[in-house]
Amino acid sequence: MKLSFADRFRRQCKAASSQDRAAILKTLLDLELTLTSPQEHTGIGLRKLHPAGYWEVRAGLCLRVIFRLDKDEAIFAFLGNRDEVKRFLSSP
């Protein structure tokens, strides 16, 4: 599976604390395992959020990673808490 990162997501990762960046990296690695081997349970809280194809995984208690799946590619679009994710999904 190919992983792609939107510019916004890259900026948000750079602005995150080192502890959050470590959690994000672990989540990305766990997500790749979950998507390639769905029978493996990683406990990352994967769920579909939006009919436009956005998915969410948890990178800690408050931090959420938002991405879209496109064929054999996961495109990471947004990083934020629950309220920020709601605003991101409701924006055009």
# chains A, B, ... in the order shown; residues from 1 in each chain; ligands from 1

call {"tool": "residues_around", "arguments": {"residues": "Leu69 in chain A", "least_positions_apart": "4", "cutoff": "9 Å", "atoms": "only C-alpha atoms", "output": "VMD selection string"}}
result
chain A and resid 53 to 55 73 to 76

call {"tool": "write_last_selection", "arguments": {"atoms": "C-alpha atoms", "output": "CSV table (one decimal), in the first residue's frame"}}
result
chain,number,residue,atom,x,y,z
A,53,GLY,CA,-14.5,8.4,1.6
A,54,TYR,CA,-12.8,9.8,4.6
A,55,TRP,CA,-11.7,7.4,7.3
A,73,GLU,CA,-3.2,4.3,-1.8
A,74,ALA,CA,-4.0,5.9,1.5
A,75,ILE,CA,-4.0,9.7,1.2
A,76,PHE,CA,-3.6,11.5,4.6

call {"tool": "select_by_dssp", "arguments": {"residues": "chain A", "states": "strand (DSSP E or B)", "output": "list in words"}}
result
Lys2, Leu3, Ser4, Phe5, Arg47, Lys48, Tyr54, Trp55, Glu56, Val57, Arg58, Arg64, Val65, Ile66, Phe67, Arg68, Leu69, Asp70, Glu73, Ala74, Ile75, Phe76, Ala77, Phe78, Leu79 and Gly80 of chain A

call {"tool": "write_last_selection", "arguments": {"atoms": "C-alpha atoms", "output": "compact mmCIF listing (two decimals), in the first residue's frame"}}
result
# COMPACT_ATOMS: atom_id res chain seq x y z
CA LYS A 2 1.26 3.44 -0.95
CA LEU A 3 1.00 6.26 1.59
CA SER A 4 0.62 9.88 0.44
CA PHE A 5 0.52 13.01 2.57
CA ARG A 47 -13.84 3.82 11.09
CA LYS A 48 -15.41 5.43 8.05
CA TYR A 54 -12.83 9.85 4.59
CA TRP A 55 -11.65 7.45 7.28
CA GLU A 56 -10.38 8.09 10.81
CA VAL A 57 -7.84 6.37 13.03
CA ARG A 58 -6.82 7.36 16.55
CA ARG A 64 -7.23 11.82 15.07
CA VAL A 65 -5.70 11.07 11.67
CA ILE A 66 -8.03 11.54 8.67
CA PHE A 67 -7.34 9.87 5.32
CA ARG A 68 -8.96 8.69 2.11
CA LEU A 69 -8.48 5.36 0.41
CA ASP A 70 -7.99 5.40 -3.35
CA GLU A 73 -3.18 4.30 -1.80
CA ALA A 74 -3.97 5.94 1.54
CA ILE A 75 -3.97 9.73 1.23
CA PHE A 76 -3.57 11.46 4.60
CA ALA A 77 -5.45 14.74 4.65
CA PHE A 78 -5.90 16.06 8.19
CA LEU A 79 -4.68 15.77 11.77
CA GLY A 80 -6.55 17.14 14.76

call {"tool": "select_by_dssp", "arguments": {"residues": "chain A", "states": "alpha helix (DSSP H)", "output": "PyMOL selection string"}}
result
chain A and resi 7-15+18-36+82-90

call {"tool": "closest_residue", "arguments": {"among": "A:Val85, A:Leu46, A:Ile24, A:Leu31", "to": "Gly60 in chain A", "atoms": "only C-alpha atoms"}}
result
A:Ile24

call {"tool": "closest_residue", "arguments": {"among": "A:Ser90, A:His50, A:Met1, A:Arg82", "to": "Thr36 in chain A", "atoms": "only C-alpha atoms"}}
result
A:Met1

call {"tool": "decode", "arguments": {"residues": "range 48-60 of chain A", "atoms": "C-alpha atoms", "output": "mmCIF file, in the first residue's frame"}}
result
data_model
loop_
_atom_site.group_PDB
_atom_site.id
_atom_site.type_symbol
_atom_site.label_atom_id
_atom_site.label_comp_id
_atom_site.auth_asym_id
_atom_site.auth_seq_id
_atom_site.Cartn_x
_atom_site.Cartn_y
_atom_site.Cartn_z
ATOM 1 C CA LYS A 48 -15.413 5.428 8.049
ATOM 2 C CA LEU A 49 -16.483 9.002 8.769
ATOM 3 C CA HIS A 50 -17.895 10.486 5.623
ATOM 4 C CA PRO A 51 -19.610 9.336 2.407
ATOM 5 C CA ALA A 52 -16.884 11.145 0.439
ATOM 6 C CA GLY A 53 -14.547 8.364 1.551
ATOM 7 C CA TYR A 54 -12.834 9.850 4.595
ATOM 8 C CA TRP A 55 -11.654 7.450 7.283
ATOM 9 C CA GLU A 56 -10.377 8.089 10.808
ATOM 10 C CA VAL A 57 -7.838 6.371 13.030
ATOM 11 C CA ARG A 58 -6.823 7.357 16.547
ATOM 12 C CA ALA A 59 -3.268 8.433 17.307
ATOM 13 C CA GLY A 60 -3.878 8.829 21.032
#
